[in-house]
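Chemist: Take a look at this one; I'll ask things after.
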Amino acid sequence: QVQLVESGGGLVQPGGSLRLSCLASGSIVSMRSMAWYRQAPGKQRELAAIITSGGYTNYADSVKGRFTISRDNAKNTLYLQMNNLKPEDTAVYYCNLQETFLTTWGQGTQVTVSS
């Protein structure tokens with residue numbers, strides 16, 4: 001079974017940047033997509049960015065032009081480059097793997113944008 005471990009979160013000032021990583025361990029049999037979701041306090045979890053097995057990417061309107069999702073297959077790692085961060089980006093960020101019959105979540109990493 002695949003395990004996902006996120007890293008790279010932290011405290012950053014508005015306008016700053018962070019890069020999140022998600023390392024997948026185990027055998028991925030039939031990946032359909034990988035994604036980053038986020039959940040702010042008191043709010044529902046929402047999709048921030050997604051990349052399909054074919055390399056197609058899509059973003060929430062709130063992060064378009066600021067966030068970039070990418071994947072390094074050789075390293076089994078998913079990334080989220082976040083630039084020009086805003087206080088409203090503060091949330092726990094979760095890595096997600098969607099296979100044909102299985103969905104896997106990481107434990108989350110906290111991102112706090114504050115001066």
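Labeling convention for the structure tokens: chains A, B, ... as they appear, residues from 1 per chain, ligands from 1 in order of appearance.
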Would you pick out the contacts of region 57-73 of chain A at 9 Å or less, using only C-alpha atoms, so that residues sharing its chain but fewer than 2 positions from it are not included, and give the list as a compact mmCIF listing (two decimals) with N, CA and C atoms, in the first residue's frame?

Modeler:
# COMPACT_ATOMS: atom_id res chain seq x y z
N MET A 34 -2.62 12.94 -9.23
CA MET A 34 -2.16 13.34 -7.91
C MET A 34 -2.53 14.80 -7.74
N ALA A 35 -2.75 15.18 -6.49
CA ALA A 35 -3.28 16.52 -6.26
C ALA A 35 -2.85 17.06 -4.90
N TRP A 36 -2.98 18.36 -4.78
CA TRP A 36 -2.84 19.04 -3.50
C TRP A 36 -4.20 19.62 -3.13
N GLU A 46 -10.55 21.75 0.14
CA GLU A 46 -10.76 22.13 -1.25
C GLU A 46 -9.55 21.76 -2.09
N LEU A 47 -9.81 21.53 -3.37
CA LEU A 47 -8.74 21.22 -4.30
C LEU A 47 -7.97 22.49 -4.64
N ALA A 48 -6.64 22.42 -4.52
CA ALA A 48 -5.80 23.55 -4.90
C ALA A 48 -5.21 23.34 -6.30
N ALA A 49 -4.69 22.13 -6.55
CA ALA A 49 -4.04 21.86 -7.84
C ALA A 49 -4.03 20.36 -8.09
N ILE A 50 -4.09 19.98 -9.37
CA ILE A 50 -4.13 18.57 -9.73
C ILE A 50 -3.28 18.34 -10.97
N ILE A 51 -2.65 17.16 -11.03
CA ILE A 51 -1.90 16.75 -12.22
C ILE A 51 -2.30 15.32 -12.54
N THR A 52 -2.65 15.08 -13.79
CA THR A 52 -3.09 13.74 -14.18
C THR A 52 -1.89 12.89 -14.59
N GLY A 55 -0.05 14.25 -17.39
CA GLY A 55 0.64 15.52 -17.23
C GLY A 55 -0.24 16.76 -17.32
N LYS A 75 11.70 10.20 -8.74
CA LYS A 75 11.83 10.34 -7.29
C LYS A 75 10.53 10.02 -6.56
N ASN A 76 9.50 9.64 -7.31
CA ASN A 76 8.18 9.37 -6.69
C ASN A 76 7.73 10.54 -5.82
N THR A 77 7.92 11.73 -6.31
CA THR A 77 7.63 12.92 -5.52
C THR A 77 6.76 13.90 -6.29
N LEU A 78 5.78 14.43 -5.58
CA LEU A 78 4.89 15.47 -6.08
C LEU A 78 5.29 16.78 -5.41
N TYR A 79 5.24 17.86 -6.17
CA TYR A 79 5.63 19.17 -5.64
C TYR A 79 4.51 20.19 -5.81
N LEU A 80 4.55 21.21 -4.96
CA LEU A 80 3.68 22.36 -5.14
C LEU A 80 4.53 23.60 -4.85
N GLN A 81 4.88 24.32 -5.89
CA GLN A 81 5.59 25.58 -5.74
C GLN A 81 4.56 26.68 -5.53
N MET A 82 4.68 27.39 -4.41
CA MET A 82 3.71 28.43 -4.07
C MET A 82 4.44 29.76 -3.98
N ASN A 83 4.06 30.68 -4.84
CA ASN A 83 4.66 32.01 -4.87
C ASN A 83 3.63 33.07 -4.52
N ASN A 84 4.12 34.25 -4.16
CA ASN A 84 3.24 35.37 -3.82
C ASN A 84 2.14 34.93 -2.85
N LEU A 85 2.55 34.30 -1.79
CA LEU A 85 1.58 33.75 -0.84
C LEU A 85 0.80 34.86 -0.14
N ASP A 89 -4.06 31.92 2.03
CA ASP A 89 -3.51 30.62 1.67
C ASP A 89 -3.20 29.79 2.91

Chemist: Closest to Asn96 (chain A) among A:Leu23, A:Val113, A:Leu4, A:Ile28, using only C-alpha atoms?

Modeler: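 With only C-alpha atoms as the atom set, the closest residue is A:Leu4.
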
Chemist: Could you list, as a list in words, every residue within 10 Å of Glu88 (chain A), counting only C-alpha atoms and ignoring same-chain residues fewer than 2 positions away?

Modeler: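 Close residues of Glu88 (chain A): Pro14, Ala40, Ser62, Leu85, Lys86, Thr90, Ala91, Thr112, Val113 and Ser114 of chain A.
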
Chemist: Export, as a PDB file, in the first residue's frame, the selected residues with N, CA and C atoms.

Modeler:
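Generated output (result_36.pdb):
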ATOM      1  N   PRO A  14       3.585  37.349   3.928  1.00  0.00           N
ATOM      2  CA  PRO A  14       2.857  37.614   2.680  1.00  0.00           C
ATOM      3  C   PRO A  14       3.817  38.025   1.573  1.00  0.00           C
ATOM      4  N   ALA A  40      -8.556  25.132   5.363  1.00  0.00           N
ATOM      5  CA  ALA A  40      -8.367  26.235   6.296  1.00  0.00           C
ATOM      6  C   ALA A  40      -9.243  26.006   7.518  1.00  0.00           C
ATOM      7  N   SER A  62      -8.347  30.564  -7.212  1.00  0.00           N
ATOM      8  CA  SER A  62      -7.698  31.381  -6.195  1.00  0.00           C
ATOM      9  C   SER A  62      -6.173  31.250  -6.199  1.00  0.00           C
ATOM     10  N   LEU A  85       2.551  34.296  -1.786  1.00  0.00           N
ATOM     11  CA  LEU A  85       1.575  33.751  -0.839  1.00  0.00           C
ATOM     12  C   LEU A  85       0.800  34.858  -0.143  1.00  0.00           C
ATOM     13  N   LYS A  86      -0.461  34.556   0.148  1.00  0.00           N
ATOM     14  CA  LYS A  86      -1.368  35.498   0.790  1.00  0.00           C
ATOM     15  C   LYS A  86      -1.862  34.902   2.102  1.00  0.00           C
ATOM     16  N   THR A  90      -3.340  30.372   4.071  1.00  0.00           N
ATOM     17  CA  THR A  90      -3.090  29.640   5.315  1.00  0.00           C
ATOM     18  C   THR A  90      -4.037  28.456   5.428  1.00  0.00           C
ATOM     19  N   ALA A  91      -3.458  27.268   5.587  1.00  0.00           N
ATOM     20  CA  ALA A  91      -4.252  26.040   5.630  1.00  0.00           C
ATOM     21  C   ALA A  91      -3.321  24.864   5.881  1.00  0.00           C
ATOM     22  N   THR A 112       1.369  28.575   7.021  1.00  0.00           N
ATOM     23  CA  THR A 112       0.840  29.770   7.666  1.00  0.00           C
ATOM     24  C   THR A 112       1.473  30.997   7.013  1.00  0.00           C
ATOM     25  N   VAL A 113       0.617  31.873   6.503  1.00  0.00           N
ATOM     26  CA  VAL A 113       1.090  33.100   5.855  1.00  0.00           C
ATOM     27  C   VAL A 113       0.685  34.264   6.739  1.00  0.00           C
ATOM     28  N   SER A 114       1.672  34.894   7.336  1.00  0.00           N
ATOM     29  CA  SER A 114       1.391  35.953   8.301  1.00  0.00           C
ATOM     30  C   SER A 114       2.610  36.842   8.462  1.00  0.00           C
TER      31      SER A 114
END

Chemist: Can you list, as an mmCIF file with C-alpha atoms, in the first residue's frame, every protein, DNA or RNA residue that comes within 8 Å of Tyr93 (chain A) when you count only C-alpha atoms, leaving out same-chain residues fewer than 2 positions away?

Modeler:
data_model
loop_
_atom_site.group_PDB
_atom_site.id
_atom_site.type_symbol
_atom_site.label_atom_id
_atom_site.label_comp_id
_atom_site.auth_asym_id
_atom_site.auth_seq_id
_atom_site.Cartn_x
_atom_site.Cartn_y
_atom_site.Cartn_z
ATOM 1 C CA TRP A 36 -2.840 19.036 -3.498
ATOM 2 C CA TYR A 37 -5.856 19.859 -1.365
ATOM 3 C CA ARG A 38 -6.016 22.355 1.438
ATOM 4 C CA GLN A 39 -8.212 22.941 4.447
ATOM 5 C CA ALA A 91 -4.252 26.040 5.630
ATOM 6 C CA CYS A 95 -1.278 15.335 -0.814
ATOM 7 C CA GLY A 108 -0.903 17.102 5.864
ATOM 8 C CA THR A 109 1.551 19.936 6.333
ATOM 9 C CA GLN A 110 0.707 23.315 7.844
ATOM 10 C CA VAL A 111 1.254 26.482 5.822
#

Chemist: May I ask for the distance between CA of Leu97 (chain A) and CA of Pro41 (chain A), given in Å to one decimal place?

Modeler: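 Rounded to one decimal, the two atoms are 23.0 Å apart.
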
Chemist: Just to confirm, what's the straight-line distance from CA of Tyr56 (chain A) to CA of Gly10 (chain A) in Å (one decimal)?

Modeler: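 Between these atoms lies a distance of 27.9 Å.
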
Chemist: List every residue of chain A that DSSP, applied to the backbone, labels as strand (DSSP E), and write the result as a ChimeraX atom specification.

Modeler: /A:3-7,10-12,18-25,31-39,46-52,57-59,67-72,77-82,91-99,103-105,109-113

Chemist: What's the separation between CA of Gly106 (chain A) and CA of Arg32 (chain A), in Å to one decimal place?

Modeler: 16.7 Å

Chemist: Just list the residues in chain A DSSP gives helix (DSSP H, G or I) on the backbone, as a ChimeraX atom specification.

Modeler: /A:73-75,87-89

Chemist: Excluding Val29 (chain A) and its own-chain neighbours fewer than 2 positions away, which residues fall within 8 Å of it when counting only C-alpha atoms? Please give them as a ChimeraX atom specification.

Modeler: /A:27,31,99

Chemist: I need the residues from that last selection saved to file as a CSV table (one decimal), in the first residue's frame (with all heavy atoms), if you can.

Modeler:
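So the final result, stored in result.csv, reads:
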chain,number,residue,atom,x,y,z
A,27,SER,N,4.3,0.8,-4.0
A,27,SER,CA,4.0,0.6,-5.4
A,27,SER,C,2.7,1.2,-5.9
A,27,SER,O,1.7,0.9,-5.4
A,27,SER,CB,4.0,-0.9,-5.7
A,27,SER,OG,3.8,-1.2,-7.0
A,31,MET,N,-2.0,4.9,-11.3
A,31,MET,CA,-2.2,6.3,-11.0
A,31,MET,C,-3.1,7.0,-12.0
A,31,MET,O,-2.8,6.9,-13.2
A,31,MET,CB,-1.0,7.1,-10.8
A,31,MET,CG,-1.2,8.5,-10.3
A,31,MET,SD,0.3,9.5,-10.4
A,31,MET,CE,0.2,10.0,-12.1
A,99,GLU,N,-5.8,6.4,-7.5
A,99,GLU,CA,-5.7,5.3,-8.4
A,99,GLU,C,-7.0,4.8,-8.9
A,99,GLU,O,-8.1,5.3,-8.4
A,99,GLU,CB,-4.9,4.2,-7.7
A,99,GLU,CG,-3.5,4.6,-7.2
A,99,GLU,CD,-2.7,3.5,-6.5
A,99,GLU,OE1,-2.0,2.7,-7.2
A,99,GLU,OE2,-2.8,3.5,-5.3

Chemist: Taking only C-alpha atoms into account, name the residue in A:Tyr94, A:Ala24, A:Ala74, A:Arg45 that is nearest to Gly9 (chain A).

Modeler: A:Tyr94

Chemist: Which of these, A:Ser115, A:Cys22, A:Ser33, A:Ser17, has the shortest distance to Gln98 (chain A) once you count only C-alpha atoms?

Modeler: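 Of all the options, A:Ser33 lies closest to Gln98 (chain A).
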
Chemist: May I ask which of the residues A:Gln107, A:Gln1, A:Ser30, A:Pro87 is the closest one to Gly16 (chain A), counting only C-alpha atoms?

Modeler: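 That would be A:Pro87, the residue with the smallest distance to Gly16 (chain A).
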